[in-house]
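**Q** Hey, dropping query36.pdb in here, PDB, C-alpha atoms:
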```pdb
ATOM      1  CA  MET A  32       0.000   0.000   0.000  1.00  0.00           C
ATOM      2  CA  LYS A  33       1.338   3.411  -0.978  1.00  0.00           C
ATOM      3  CA  LYS A  34       2.193   5.883   1.762  1.00  0.00           C
ATOM      4  CA  ALA A  35      -0.349   8.471   0.534  1.00  0.00           C
ATOM      5  CA  VAL A  36      -3.177   5.910   0.571  1.00  0.00           C
ATOM      6  CA  ARG A  37      -2.150   4.636   4.013  1.00  0.00           C
ATOM      7  CA  GLN A  38      -2.079   8.132   5.479  1.00  0.00           C
ATOM      8  CA  GLU A  39      -5.451   8.997   3.973  1.00  0.00           C
ATOM      9  CA  ILE A  40      -6.937   5.884   5.621  1.00  0.00           C
ATOM     10  CA  ILE A  41      -5.340   6.874   8.931  1.00  0.00           C
ATOM     11  CA  ILE A  42      -6.875  10.348   8.772  1.00  0.00           C
ATOM     12  CA  GLU A  43     -10.306   8.940   7.922  1.00  0.00           C
ATOM     13  CA  ALA A  44     -10.061   6.472  10.834  1.00  0.00           C
ATOM     14  CA  VAL A  45      -9.024   9.175  13.296  1.00  0.00           C
ATOM     15  CA  ASN A  46     -11.802  11.519  12.193  1.00  0.00           C
ATOM     16  CA  ALA A  47     -14.437   8.756  12.301  1.00  0.00           C
ATOM     17  CA  LYS A  48     -13.485   7.407  15.731  1.00  0.00           C
ATOM     18  CA  GLY A  49     -11.994  10.470  17.424  1.00  0.00           C
ATOM     19  CA  ARG A  50      -9.038   8.513  18.774  1.00  0.00           C
ATOM     20  CA  VAL A  51      -7.146   5.484  17.447  1.00  0.00           C
ATOM     21  CA  GLY A  52      -4.262   3.366  18.705  1.00  0.00           C
ATOM     22  CA  SER A  53      -1.035   2.705  16.831  1.00  0.00           C
ATOM     23  CA  THR A  54      -1.366  -1.048  17.383  1.00  0.00           C
ATOM     24  CA  ASP A  55      -4.884  -1.131  15.906  1.00  0.00           C
ATOM     25  CA  LEU A  56      -3.792   0.917  12.894  1.00  0.00           C
ATOM     26  CA  ALA A  57      -0.785  -1.340  12.301  1.00  0.00           C
ATOM     27  CA  HIS A  58      -3.035  -4.411  12.380  1.00  0.00           C
ATOM     28  CA  GLN A  59      -5.641  -2.833  10.074  1.00  0.00           C
ATOM     29  CA  LEU A  60      -3.097  -1.636   7.517  1.00  0.00           C
ATOM     30  CA  GLU A  61      -0.793  -4.667   7.842  1.00  0.00           C
ATOM     31  CA  VAL A  62       2.349  -2.621   8.501  1.00  0.00           C
ATOM     32  CA  SER A  63       4.710  -2.300  11.465  1.00  0.00           C
ATOM     33  CA  GLU A  64       3.998  -0.029  14.419  1.00  0.00           C
ATOM     34  CA  ASP A  65       7.206   1.842  13.565  1.00  0.00           C
ATOM     35  CA  THR A  66       5.702   2.676  10.161  1.00  0.00           C
ATOM     36  CA  ILE A  67       2.501   3.883  11.820  1.00  0.00           C
ATOM     37  CA  ARG A  68       4.457   6.026  14.287  1.00  0.00           C
ATOM     38  CA  ARG A  69       6.327   7.691  11.426  1.00  0.00           C
ATOM     39  CA  ASP A  70       3.033   8.323   9.644  1.00  0.00           C
ATOM     40  CA  LEU A  71       1.451   9.794  12.768  1.00  0.00           C
ATOM     41  CA  ASN A  72       4.427  12.040  13.406  1.00  0.00           C
ATOM     42  CA  GLU A  73       4.312  13.350   9.837  1.00  0.00           C
ATOM     43  CA  LEU A  74       0.541  13.856   9.878  1.00  0.00           C
ATOM     44  CA  ALA A  75       0.694  15.599  13.255  1.00  0.00           C
ATOM     45  CA  LYS A  76       3.470  17.897  12.013  1.00  0.00           C
ATOM     46  CA  ASN A  77       1.259  18.904   9.070  1.00  0.00           C
ATOM     47  CA  GLY A  78      -1.781  19.493  11.299  1.00  0.00           C
ATOM     48  CA  PHE A  79      -3.985  16.597  10.181  1.00  0.00           C
ATOM     49  CA  LEU A  80      -4.209  14.970  13.618  1.00  0.00           C
ATOM     50  CA  LYS A  81      -2.866  15.233  17.154  1.00  0.00           C
ATOM     51  CA  LYS A  82      -0.238  12.701  18.230  1.00  0.00           C
ATOM     52  CA  ILE A  83      -0.879  11.234  21.677  1.00  0.00           C
ATOM     53  CA  HIS A  84       0.704   8.436  23.686  1.00  0.00           C
ATOM     54  CA  GLY A  85      -0.028   5.157  21.910  1.00  0.00           C
ATOM     55  CA  GLY A  86      -1.842   6.681  18.948  1.00  0.00           C
ATOM     56  CA  ALA A  87      -3.559   9.824  17.691  1.00  0.00           C
ATOM     57  CA  GLU A  88      -6.726  11.850  18.132  1.00  0.00           C
ATOM     58  CA  SER A  89      -8.804  13.963  15.783  1.00  0.00           C
ATOM     59  CA  VAL A  90      -8.506  17.624  14.921  1.00  0.00           C
ATOM     60  CA  SER A  91     -11.473  17.311  12.541  1.00  0.00           C
ATOM     61  CA  LEU A  92     -13.160  20.395  13.930  1.00  0.00           C
ATOM     62  CA  LYS A  93     -10.294  22.345  12.389  1.00  0.00           C
ATOM     63  CA  LEU A  94     -10.692  20.416   9.145  1.00  0.00           C
ATOM     64  CA  PHE A  95     -14.390  21.162   8.941  1.00  0.00           C
ATOM     65  CA  SER A  96     -13.836  24.879   9.433  1.00  0.00           C
ATOM     66  CA  TYR A  97     -12.538  24.594   5.849  1.00  0.00           C
ATOM     67  CA  ASN A  98      -9.037  25.874   6.325  1.00  0.00           C
ATOM     68  CA  LYS A  99      -7.626  24.925   2.917  1.00  0.00           C
ATOM     69  CA  ASN A 100      -4.198  24.284   4.405  1.00  0.00           C
ATOM     70  CA  LEU A 101      -5.623  21.502   6.609  1.00  0.00           C
ATOM     71  CA  VAL A 102      -7.725  19.649   4.017  1.00  0.00           C
ATOM     72  CA  VAL A 103      -6.051  16.534   2.618  1.00  0.00           C
ATOM     73  CA  TYR A 104      -5.743  16.571  -1.192  1.00  0.00           C
ATOM     74  CA  ASN A 105      -7.534  19.923  -1.363  1.00  0.00           C
ATOM     75  CA  ASP A 106      -6.561  20.521  -5.014  1.00  0.00           C
ATOM     76  CA  LYS A 107      -8.078  17.204  -6.038  1.00  0.00           C
ATOM     77  CA  LYS A 108     -11.250  17.908  -4.075  1.00  0.00           C
ATOM     78  CA  GLU A 109     -11.674  21.260  -5.792  1.00  0.00           C
ATOM     79  CA  ILE A 110     -11.446  19.540  -9.197  1.00  0.00           C
ATOM     80  CA  ILE A 111     -14.125  17.085  -8.068  1.00  0.00           C
ATOM     81  CA  ALA A 112     -16.294  19.916  -6.730  1.00  0.00           C
ATOM     82  CA  LYS A 113     -16.152  21.834 -10.000  1.00  0.00           C
ATOM     83  CA  LYS A 114     -17.111  18.714 -11.968  1.00  0.00           C
ATOM     84  CA  ALA A 115     -20.017  17.869  -9.665  1.00  0.00           C
ATOM     85  CA  ALA A 116     -21.437  21.354  -9.092  1.00  0.00           C
ATOM     86  CA  HIS A 117     -23.508  21.327 -12.302  1.00  0.00           C
ATOM     87  CA  LEU A 118     -25.242  18.045 -11.423  1.00  0.00           C
ATOM     88  CA  ILE A 119     -27.784  19.700  -9.121  1.00  0.00           C
ATOM     89  CA  LYS A 120     -30.244  21.551 -11.336  1.00  0.00           C
ATOM     90  CA  ASN A 121     -32.801  24.168 -10.330  1.00  0.00           C
ATOM     91  CA  GLY A 122     -35.949  22.554  -8.993  1.00  0.00           C
ATOM     92  CA  THR A 123     -34.308  19.272  -7.975  1.00  0.00           C
ATOM     93  CA  SER A 124     -33.662  17.733  -4.560  1.00  0.00           C
ATOM     94  CA  ALA A 125     -30.560  16.154  -3.068  1.00  0.00           C
ATOM     95  CA  ILE A 126     -29.223  14.622   0.109  1.00  0.00           C
ATOM     96  CA  ILE A 127     -25.545  15.211   0.887  1.00  0.00           C
ATOM     97  CA  SER A 128     -23.344  13.187   3.230  1.00  0.00           C
ATOM     98  CA  GLY A 129     -20.446  14.534   5.296  1.00  0.00           C
ATOM     99  CA  GLY A 130     -16.705  14.793   4.675  1.00  0.00           C
ATOM    100  CA  THR A 131     -14.359  17.439   3.355  1.00  0.00           C
ATOM    101  CA  THR A 132     -14.877  16.403  -0.280  1.00  0.00           C
ATOM    102  CA  ASN A 133     -18.593  17.158   0.023  1.00  0.00           C
ATOM    103  CA  LEU A 134     -17.883  20.296   2.022  1.00  0.00           C
ATOM    104  CA  THR A 135     -15.671  21.478  -0.833  1.00  0.00           C
ATOM    105  CA  PHE A 136     -18.405  20.476  -3.295  1.00  0.00           C
ATOM    106  CA  VAL A 137     -21.130  22.614  -1.706  1.00  0.00           C
ATOM    107  CA  ARG A 138     -18.823  25.630  -1.690  1.00  0.00           C
ATOM    108  CA  PHE A 139     -18.827  25.464  -5.492  1.00  0.00           C
ATOM    109  CA  LEU A 140     -22.612  25.336  -5.891  1.00  0.00           C
ATOM    110  CA  PRO A 141     -24.063  28.419  -7.625  1.00  0.00           C
ATOM    111  CA  HIS A 142     -25.188  31.002  -5.080  1.00  0.00           C
ATOM    112  CA  ASP A 143     -28.530  31.422  -6.869  1.00  0.00           C
ATOM    113  CA  LEU A 144     -29.245  27.672  -7.042  1.00  0.00           C
ATOM    114  CA  LYS A 145     -32.882  26.884  -6.324  1.00  0.00           C
ATOM    115  CA  ALA A 146     -33.091  23.375  -4.882  1.00  0.00           C
ATOM    116  CA  THR A 147     -34.143  21.327  -1.862  1.00  0.00           C
ATOM    117  CA  ILE A 148     -31.203  19.883   0.054  1.00  0.00           C
ATOM    118  CA  TYR A 149     -30.997  17.572   3.057  1.00  0.00           C
ATOM    119  CA  THR A 150     -27.872  16.858   5.070  1.00  0.00           C
ATOM    120  CA  TYR A 151     -26.849  15.349   8.398  1.00  0.00           C
ATOM    121  CA  CYS A 152     -23.505  17.176   8.339  1.00  0.00           C
ATOM    122  CA  LEU A 153     -23.471  20.375  10.412  1.00  0.00           C
ATOM    123  CA  PRO A 154     -20.628  22.173   8.533  1.00  0.00           C
ATOM    124  CA  ILE A 155     -22.370  21.509   5.204  1.00  0.00           C
ATOM    125  CA  ALA A 156     -25.669  22.809   6.587  1.00  0.00           C
ATOM    126  CA  LEU A 157     -23.948  25.968   7.807  1.00  0.00           C
ATOM    127  CA  GLU A 158     -22.246  26.428   4.432  1.00  0.00           C
ATOM    128  CA  LEU A 159     -25.544  26.108   2.551  1.00  0.00           C
ATOM    129  CA  ALA A 160     -27.429  28.397   4.950  1.00  0.00           C
ATOM    130  CA  SER A 161     -26.115  31.429   3.033  1.00  0.00           C
ATOM    131  CA  HIS A 162     -27.792  30.307  -0.224  1.00  0.00           C
ATOM    132  CA  PRO A 163     -31.059  32.295  -0.393  1.00  0.00           C
ATOM    133  CA  ASN A 164     -32.918  29.959  -2.761  1.00  0.00           C
ATOM    134  CA  ILE A 165     -32.009  26.618  -1.223  1.00  0.00           C
ATOM    135  CA  GLU A 166     -34.679  25.024   0.935  1.00  0.00           C
ATOM    136  CA  LEU A 167     -32.413  23.441   3.524  1.00  0.00           C
ATOM    137  CA  PHE A 168     -33.217  20.600   5.917  1.00  0.00           C
ATOM    138  CA  PHE A 169     -30.796  19.520   8.636  1.00  0.00           C
ATOM    139  CA  ILE A 170     -31.408  15.962   9.818  1.00  0.00           C
ATOM    140  CA  GLY A 171     -31.110  16.243  13.581  1.00  0.00           C
ATOM    141  CA  GLY A 172     -29.966  13.698  16.108  1.00  0.00           C
ATOM    142  CA  LYS A 173     -27.023  12.920  18.319  1.00  0.00           C
ATOM    143  CA  ILE A 174     -23.962  14.792  17.034  1.00  0.00           C
ATOM    144  CA  GLU A 175     -20.772  12.793  16.525  1.00  0.00           C
ATOM    145  CA  LYS A 176     -18.427  15.569  17.605  1.00  0.00           C
ATOM    146  CA  ASN A 177     -15.340  14.451  15.723  1.00  0.00           C
ATOM    147  CA  ALA A 178     -16.975  14.146  12.305  1.00  0.00           C
ATOM    148  CA  MET A 179     -19.669  16.779  13.047  1.00  0.00           C
ATOM    149  CA  VAL A 180     -22.483  14.621  11.690  1.00  0.00           C
ATOM    150  CA  THR A 181     -25.615  13.323  13.370  1.00  0.00           C
ATOM    151  CA  ILE A 182     -25.948   9.605  14.066  1.00  0.00           C
ATOM    152  CA  GLY A 183     -28.281   7.182  15.761  1.00  0.00           C
ATOM    153  CA  LEU A 184     -31.826   5.869  15.554  1.00  0.00           C
ATOM    154  CA  ASP A 185     -33.429   9.318  15.185  1.00  0.00           C
ATOM    155  CA  VAL A 186     -31.435   9.931  12.008  1.00  0.00           C
ATOM    156  CA  MET A 187     -32.242   6.514  10.537  1.00  0.00           C
ATOM    157  CA  GLN A 188     -35.968   6.949  11.215  1.00  0.00           C
ATOM    158  CA  ARG A 189     -36.015  10.413   9.652  1.00  0.00           C
ATOM    159  CA  LEU A 190     -34.259   9.132   6.537  1.00  0.00           C
ATOM    160  CA  THR A 191     -36.964   6.555   5.829  1.00  0.00           C
ATOM    161  CA  SER A 192     -39.356   9.365   4.875  1.00  0.00           C
ATOM    162  CA  ILE A 193     -36.926  11.359   2.687  1.00  0.00           C
ATOM    163  CA  LYS A 194     -37.025  10.865  -1.089  1.00  0.00           C
ATOM    164  CA  THR A 195     -34.666  12.853  -3.302  1.00  0.00           C
ATOM    165  CA  ASP A 196     -33.491  13.069  -6.891  1.00  0.00           C
ATOM    166  CA  TYR A 197     -29.827  12.694  -5.913  1.00  0.00           C
ATOM    167  CA  ALA A 198     -27.660  11.335  -3.109  1.00  0.00           C
ATOM    168  CA  PHE A 199     -24.162  12.825  -3.056  1.00  0.00           C
ATOM    169  CA  LEU A 200     -21.898  10.522  -1.083  1.00  0.00           C
ATOM    170  CA  GLY A 201     -18.419  11.374   0.078  1.00  0.00           C
ATOM    171  CA  THR A 202     -16.747   7.999  -0.356  1.00  0.00           C
ATOM    172  CA  GLU A 203     -14.184   6.364   1.932  1.00  0.00           C
ATOM    173  CA  ALA A 204     -13.409   3.336  -0.249  1.00  0.00           C
ATOM    174  CA  LEU A 205     -14.495   2.094  -3.668  1.00  0.00           C
ATOM    175  CA  SER A 206     -13.450  -1.051  -5.532  1.00  0.00           C
ATOM    176  CA  GLU A 207     -14.869  -3.940  -7.524  1.00  0.00           C
ATOM    177  CA  HIS A 208     -16.518  -4.949  -4.230  1.00  0.00           C
ATOM    178  CA  GLY A 209     -18.554  -1.727  -4.226  1.00  0.00           C
ATOM    179  CA  MET A 210     -18.623   1.236  -1.843  1.00  0.00           C
ATOM    180  CA  THR A 211     -17.441   0.518   1.720  1.00  0.00           C
ATOM    181  CA  GLU A 212     -16.914   2.400   4.992  1.00  0.00           C
ATOM    182  CA  GLU A 213     -14.904   1.816   8.164  1.00  0.00           C
ATOM    183  CA  SER A 214     -17.732   3.180  10.347  1.00  0.00           C
ATOM    184  CA  TYR A 215     -20.690   0.818  10.716  1.00  0.00           C
ATOM    185  CA  GLU A 216     -23.094   3.644  11.614  1.00  0.00           C
ATOM    186  CA  VAL A 217     -22.055   5.730   8.610  1.00  0.00           C
ATOM    187  CA  SER A 218     -22.455   2.731   6.298  1.00  0.00           C
ATOM    188  CA  CYS A 219     -26.032   2.227   7.546  1.00  0.00           C
ATOM    189  CA  ILE A 220     -26.883   5.906   7.061  1.00  0.00           C
ATOM    190  CA  LYS A 221     -25.444   5.968   3.545  1.00  0.00           C
ATOM    191  CA  ARG A 222     -27.420   2.869   2.602  1.00  0.00           C
ATOM    192  CA  GLN A 223     -30.539   4.734   3.656  1.00  0.00           C
ATOM    193  CA  PHE A 224     -29.462   7.754   1.588  1.00  0.00           C
ATOM    194  CA  ILE A 225     -29.206   5.488  -1.462  1.00  0.00           C
ATOM    195  CA  SER A 226     -32.552   3.787  -0.886  1.00  0.00           C
ATOM    196  CA  GLY A 227     -34.333   7.152  -0.915  1.00  0.00           C
ATOM    197  CA  ALA A 228     -32.584   8.638  -3.956  1.00  0.00           C
ATOM    198  CA  THR A 229     -33.239   8.185  -7.667  1.00  0.00           C
ATOM    199  CA  HIS A 230     -29.554   8.697  -8.538  1.00  0.00           C
ATOM    200  CA  THR A 231     -26.492   7.976  -6.394  1.00  0.00           C
ATOM    201  CA  ILE A 232     -23.356  10.018  -7.006  1.00  0.00           C
ATOM    202  CA  SER A 233     -20.012   9.033  -5.490  1.00  0.00           C
ATOM    203  CA  LEU A 234     -17.456  11.809  -4.931  1.00  0.00           C
ATOM    204  CA  ILE A 235     -14.011  10.311  -4.356  1.00  0.00           C
ATOM    205  CA  THR A 236     -10.328  11.161  -4.659  1.00  0.00           C
ATOM    206  CA  SER A 237      -8.328   8.621  -6.619  1.00  0.00           C
ATOM    207  CA  GLU A 238      -6.311   7.417  -3.585  1.00  0.00           C
ATOM    208  CA  LYS A 239      -9.478   5.745  -2.289  1.00  0.00           C
ATOM    209  CA  ILE A 240     -10.202   3.854  -5.515  1.00  0.00           C
ATOM    210  CA  GLY A 241      -9.285   0.179  -5.280  1.00  0.00           C
ATOM    211  CA  VAL A 242      -9.501   0.315  -1.467  1.00  0.00           C
ATOM    212  CA  LYS A 243     -11.891  -1.843   0.566  1.00  0.00           C
ATOM    213  CA  ALA A 244     -13.114  -0.921   4.066  1.00  0.00           C
ATOM    214  CA  SER A 245     -14.906  -3.038   6.669  1.00  0.00           C
ATOM    215  CA  HIS A 246     -18.602  -2.307   6.083  1.00  0.00           C
ATOM    216  CA  LYS A 247     -20.525  -2.535   2.809  1.00  0.00           C
ATOM    217  CA  VAL A 248     -22.550   0.474   1.652  1.00  0.00           C
ATOM    218  CA  CYS A 249     -23.639  -0.620  -1.819  1.00  0.00           C
ATOM    219  CA  ASN A 250     -22.735  -2.543  -4.949  1.00  0.00           C
ATOM    220  CA  LEU A 251     -21.314  -0.810  -8.024  1.00  0.00           C
ATOM    221  CA  SER A 252     -24.646  -1.381  -9.769  1.00  0.00           C
ATOM    222  CA  GLN A 253     -26.291   1.053  -7.322  1.00  0.00           C
ATOM    223  CA  ILE A 254     -23.987   3.952  -8.256  1.00  0.00           C
ATOM    224  CA  SER A 255     -25.184   6.201 -11.076  1.00  0.00           C
ATOM    225  CA  THR A 256     -22.241   8.599 -11.378  1.00  0.00           C
ATOM    226  CA  LEU A 257     -18.646   8.638 -10.178  1.00  0.00           C
ATOM    227  CA  VAL A 258     -16.827  11.965  -9.815  1.00  0.00           C
ATOM    228  CA  THR A 259     -13.068  11.970  -9.309  1.00  0.00           C
ATOM    229  CA  GLU A 260     -10.162  14.264 -10.158  1.00  0.00           C
ATOM    230  CA  LEU A 261      -8.883  11.786 -12.764  1.00  0.00           C
ATOM    231  CA  ASP A 262      -9.561  12.075 -16.474  1.00  0.00           C
ATOM    232  CA  PRO A 263     -12.521   9.767 -17.277  1.00  0.00           C
ATOM    233  CA  SER A 264     -10.299   7.800 -19.686  1.00  0.00           C
ATOM    234  CA  ASP A 265      -7.825   6.851 -16.943  1.00  0.00           C
ATOM    235  CA  PRO A 266      -7.362   3.023 -16.881  1.00  0.00           C
ATOM    236  CA  LYS A 267      -7.969   3.067 -13.127  1.00  0.00           C
ATOM    237  CA  LEU A 268     -11.609   3.852 -13.920  1.00  0.00           C
ATOM    238  CA  ASP A 269     -12.178   1.035 -16.448  1.00  0.00           C
ATOM    239  CA  ILE A 270     -14.040  -1.158 -13.966  1.00  0.00           C
ATOM    240  CA  PHE A 271     -16.618   1.580 -13.422  1.00  0.00           C
ATOM    241  CA  HIS A 272     -17.173   2.086 -17.148  1.00  0.00           C
ATOM    242  CA  LYS A 273     -17.700  -1.678 -17.452  1.00  0.00           C
ATOM    243  CA  ASN A 274     -20.395  -1.439 -14.768  1.00  0.00           C
ATOM    244  CA  ASP A 275     -22.237   1.292 -16.725  1.00  0.00           C
ATOM    245  CA  ILE A 276     -21.363   4.024 -14.232  1.00  0.00           C
ATOM    246  CA  LYS A 277     -21.129   7.512 -15.690  1.00  0.00           C
ATOM    247  CA  VAL A 278     -17.636   8.794 -14.900  1.00  0.00           C
ATOM    248  CA  LEU A 279     -16.827  12.505 -14.652  1.00  0.00           C
TER     249      LEU A 279
END
```
Before anything else, please render the file you have as structure tokens.
**A**
Amino acid sequence: MKKAVRQEIIIEAVNAKGRVGSTDLAHQLEVSEDTIRRDLNELAKNGFLKKIHGGAESVSLKLFSYNKNLVVYNDKKEIIAKKAAHLIKNGTSAIISGGTTNLTFVRFLPHDLKATIYTYCLPIALELASHPNIELFFIGGKIEKNAMVTIGLDVMQRLTSIKTDYAFLGTEALSEHGMTEESYEVSCIKRQFISGATHTISLITSEKIGVKASHKVCNLSQISTLVTELDPSDPKLDIFHKNDIKVL
């Protein structure tokens, strides 16, 4: 596994769980604890997490304030955002998951966009609150303070009644096995997003393509559109073309 992919997985794990141990990370990523310690030291030096005894803890609140200097692969996420911004048309509805890729995405939506948008991510809701023509619904529940999203039974029950044209999913891992997540709760919520949407759109940086996480979200057949920073003709995307996924 390449260093950049490994470090991206570490950051996602820290932000999802709040705190992780070096031993657990080494076991998950099948590398030595010395390798993990070097990764944590480098990531802490660059402000992506806080190094603590035996592991690391999240600084995701800083990430979600959208300080460009603290967002991993920010340039790639801006390319993705620009590609995806035109997909929401006036008069349509969408549900948007959390993550810095989706946070970047909503910052590129036209200010005069007239649409109905649901989200369970507090930073995304706050970002969209300044759009005068967006009818905005925040799905309330228990707030997971590290990722700044709502979780739990209240969220799942609310989602059963929401039907939208599009589901925009920030994606932790995508491979021939489908879309997967390390967090069980997030995987359940995203499955509900998909079940209520006519079209499912995966927003993902290329480092997460070919990666498989612990919990299944959906099969490739359930994804309508894939948006990445790569050129659509990149060989890395061939498997998605073969599964009739529109690639941007």
**Q** Which one of A:Leu234, A:Ala160, A:Ile225, A:Leu184 sits closest to A:Ala198 if you count all atoms listed in the file?
**A**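 When distances to A:Ala198 are compared using all atoms listed in the file, the smallest one comes from A:Ile225.
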**Q** Please provide the set of residues having any atom within 10 Å of A:Ala115, restricted to all atoms listed in the file, with same-chain residues fewer than 4 positions apart removed, written as a list in words.
**A** Glu109, Ile110, Ile111, Ile119, Asn133, Phe136, Val137, Phe139, Leu140, Phe199, Ile232, Ser233, Leu234, Thr256, Leu257, Val258, Thr259 and Leu279 of chain A
**Q** Quick one: write out the picked residues with C-alpha atoms as a PDB file, in the frame of the given file?
**A**
```
ATOM      1  CA  GLU A 109     -11.674  21.260  -5.792  1.00  0.00           C
ATOM      2  CA  ILE A 110     -11.446  19.540  -9.197  1.00  0.00           C
ATOM      3  CA  ILE A 111     -14.125  17.085  -8.068  1.00  0.00           C
ATOM      4  CA  ILE A 119     -27.784  19.700  -9.121  1.00  0.00           C
ATOM      5  CA  ASN A 133     -18.593  17.158   0.023  1.00  0.00           C
ATOM      6  CA  PHE A 136     -18.405  20.476  -3.295  1.00  0.00           C
ATOM      7  CA  VAL A 137     -21.130  22.614  -1.706  1.00  0.00           C
ATOM      8  CA  PHE A 139     -18.827  25.464  -5.492  1.00  0.00           C
ATOM      9  CA  LEU A 140     -22.612  25.336  -5.891  1.00  0.00           C
ATOM     10  CA  PHE A 199     -24.162  12.825  -3.056  1.00  0.00           C
ATOM     11  CA  ILE A 232     -23.356  10.018  -7.006  1.00  0.00           C
ATOM     12  CA  SER A 233     -20.012   9.033  -5.490  1.00  0.00           C
ATOM     13  CA  LEU A 234     -17.456  11.809  -4.931  1.00  0.00           C
ATOM     14  CA  THR A 256     -22.241   8.599 -11.378  1.00  0.00           C
ATOM     15  CA  LEU A 257     -18.646   8.638 -10.178  1.00  0.00           C
ATOM     16  CA  VAL A 258     -16.827  11.965  -9.815  1.00  0.00           C
ATOM     17  CA  THR A 259     -13.068  11.970  -9.309  1.00  0.00           C
ATOM     18  CA  LEU A 279     -16.827  12.505 -14.652  1.00  0.00           C
TER      19      LEU A 279
END
```
**Q** Given the file above and the PyMOL selection byres ((chain A and resi 159) around 10), which residues are selected, and can you give them as a ChimeraX atom specification?
**A** /A:134,137-138,140,142,148,150,153-158,160-167
**Q** Find, counting all atoms listed in the file, the residue in A:Glu64, A:Tyr197, A:Thr229, A:Ala35 that gets nearest to A:Leu118.
**A**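 The answer is A:Tyr197, which sits nearest to A:Leu118.
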**Q** Figure out the distance between atom CA of A:Lys34 and atom CA of A:Ser214, please, to one decimal in Å.
**A**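 Separation of atom CA of A:Ser214 and atom CA of A:Lys34: 21.9 Å.
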**Q** If the PyMOL selection byres ((chain A and resi 241-249) around 9) is run on the structure shown, which residues does it catch, given as a PDB file with C-alpha atoms, in the frame of the given file?
**A**
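Result went into selection17.pdb, see below:
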```pdb
ATOM      1  CA  VAL A  36      -3.177   5.910   0.571  1.00  0.00           C
ATOM      2  CA  GLU A 203     -14.184   6.364   1.932  1.00  0.00           C
ATOM      3  CA  ALA A 204     -13.409   3.336  -0.249  1.00  0.00           C
ATOM      4  CA  LEU A 205     -14.495   2.094  -3.668  1.00  0.00           C
ATOM      5  CA  SER A 206     -13.450  -1.051  -5.532  1.00  0.00           C
ATOM      6  CA  GLU A 207     -14.869  -3.940  -7.524  1.00  0.00           C
ATOM      7  CA  HIS A 208     -16.518  -4.949  -4.230  1.00  0.00           C
ATOM      8  CA  GLY A 209     -18.554  -1.727  -4.226  1.00  0.00           C
ATOM      9  CA  MET A 210     -18.623   1.236  -1.843  1.00  0.00           C
ATOM     10  CA  THR A 211     -17.441   0.518   1.720  1.00  0.00           C
ATOM     11  CA  GLU A 212     -16.914   2.400   4.992  1.00  0.00           C
ATOM     12  CA  GLU A 213     -14.904   1.816   8.164  1.00  0.00           C
ATOM     13  CA  SER A 214     -17.732   3.180  10.347  1.00  0.00           C
ATOM     14  CA  TYR A 215     -20.690   0.818  10.716  1.00  0.00           C
ATOM     15  CA  VAL A 217     -22.055   5.730   8.610  1.00  0.00           C
ATOM     16  CA  SER A 218     -22.455   2.731   6.298  1.00  0.00           C
ATOM     17  CA  CYS A 219     -26.032   2.227   7.546  1.00  0.00           C
ATOM     18  CA  ILE A 220     -26.883   5.906   7.061  1.00  0.00           C
ATOM     19  CA  LYS A 221     -25.444   5.968   3.545  1.00  0.00           C
ATOM     20  CA  ARG A 222     -27.420   2.869   2.602  1.00  0.00           C
ATOM     21  CA  ILE A 225     -29.206   5.488  -1.462  1.00  0.00           C
ATOM     22  CA  SER A 237      -8.328   8.621  -6.619  1.00  0.00           C
ATOM     23  CA  GLU A 238      -6.311   7.417  -3.585  1.00  0.00           C
ATOM     24  CA  LYS A 239      -9.478   5.745  -2.289  1.00  0.00           C
ATOM     25  CA  ILE A 240     -10.202   3.854  -5.515  1.00  0.00           C
ATOM     26  CA  ASN A 250     -22.735  -2.543  -4.949  1.00  0.00           C
ATOM     27  CA  LEU A 251     -21.314  -0.810  -8.024  1.00  0.00           C
ATOM     28  CA  SER A 252     -24.646  -1.381  -9.769  1.00  0.00           C
ATOM     29  CA  GLN A 253     -26.291   1.053  -7.322  1.00  0.00           C
ATOM     30  CA  ILE A 254     -23.987   3.952  -8.256  1.00  0.00           C
ATOM     31  CA  LYS A 267      -7.969   3.067 -13.127  1.00  0.00           C
TER      32      LYS A 267
END
```
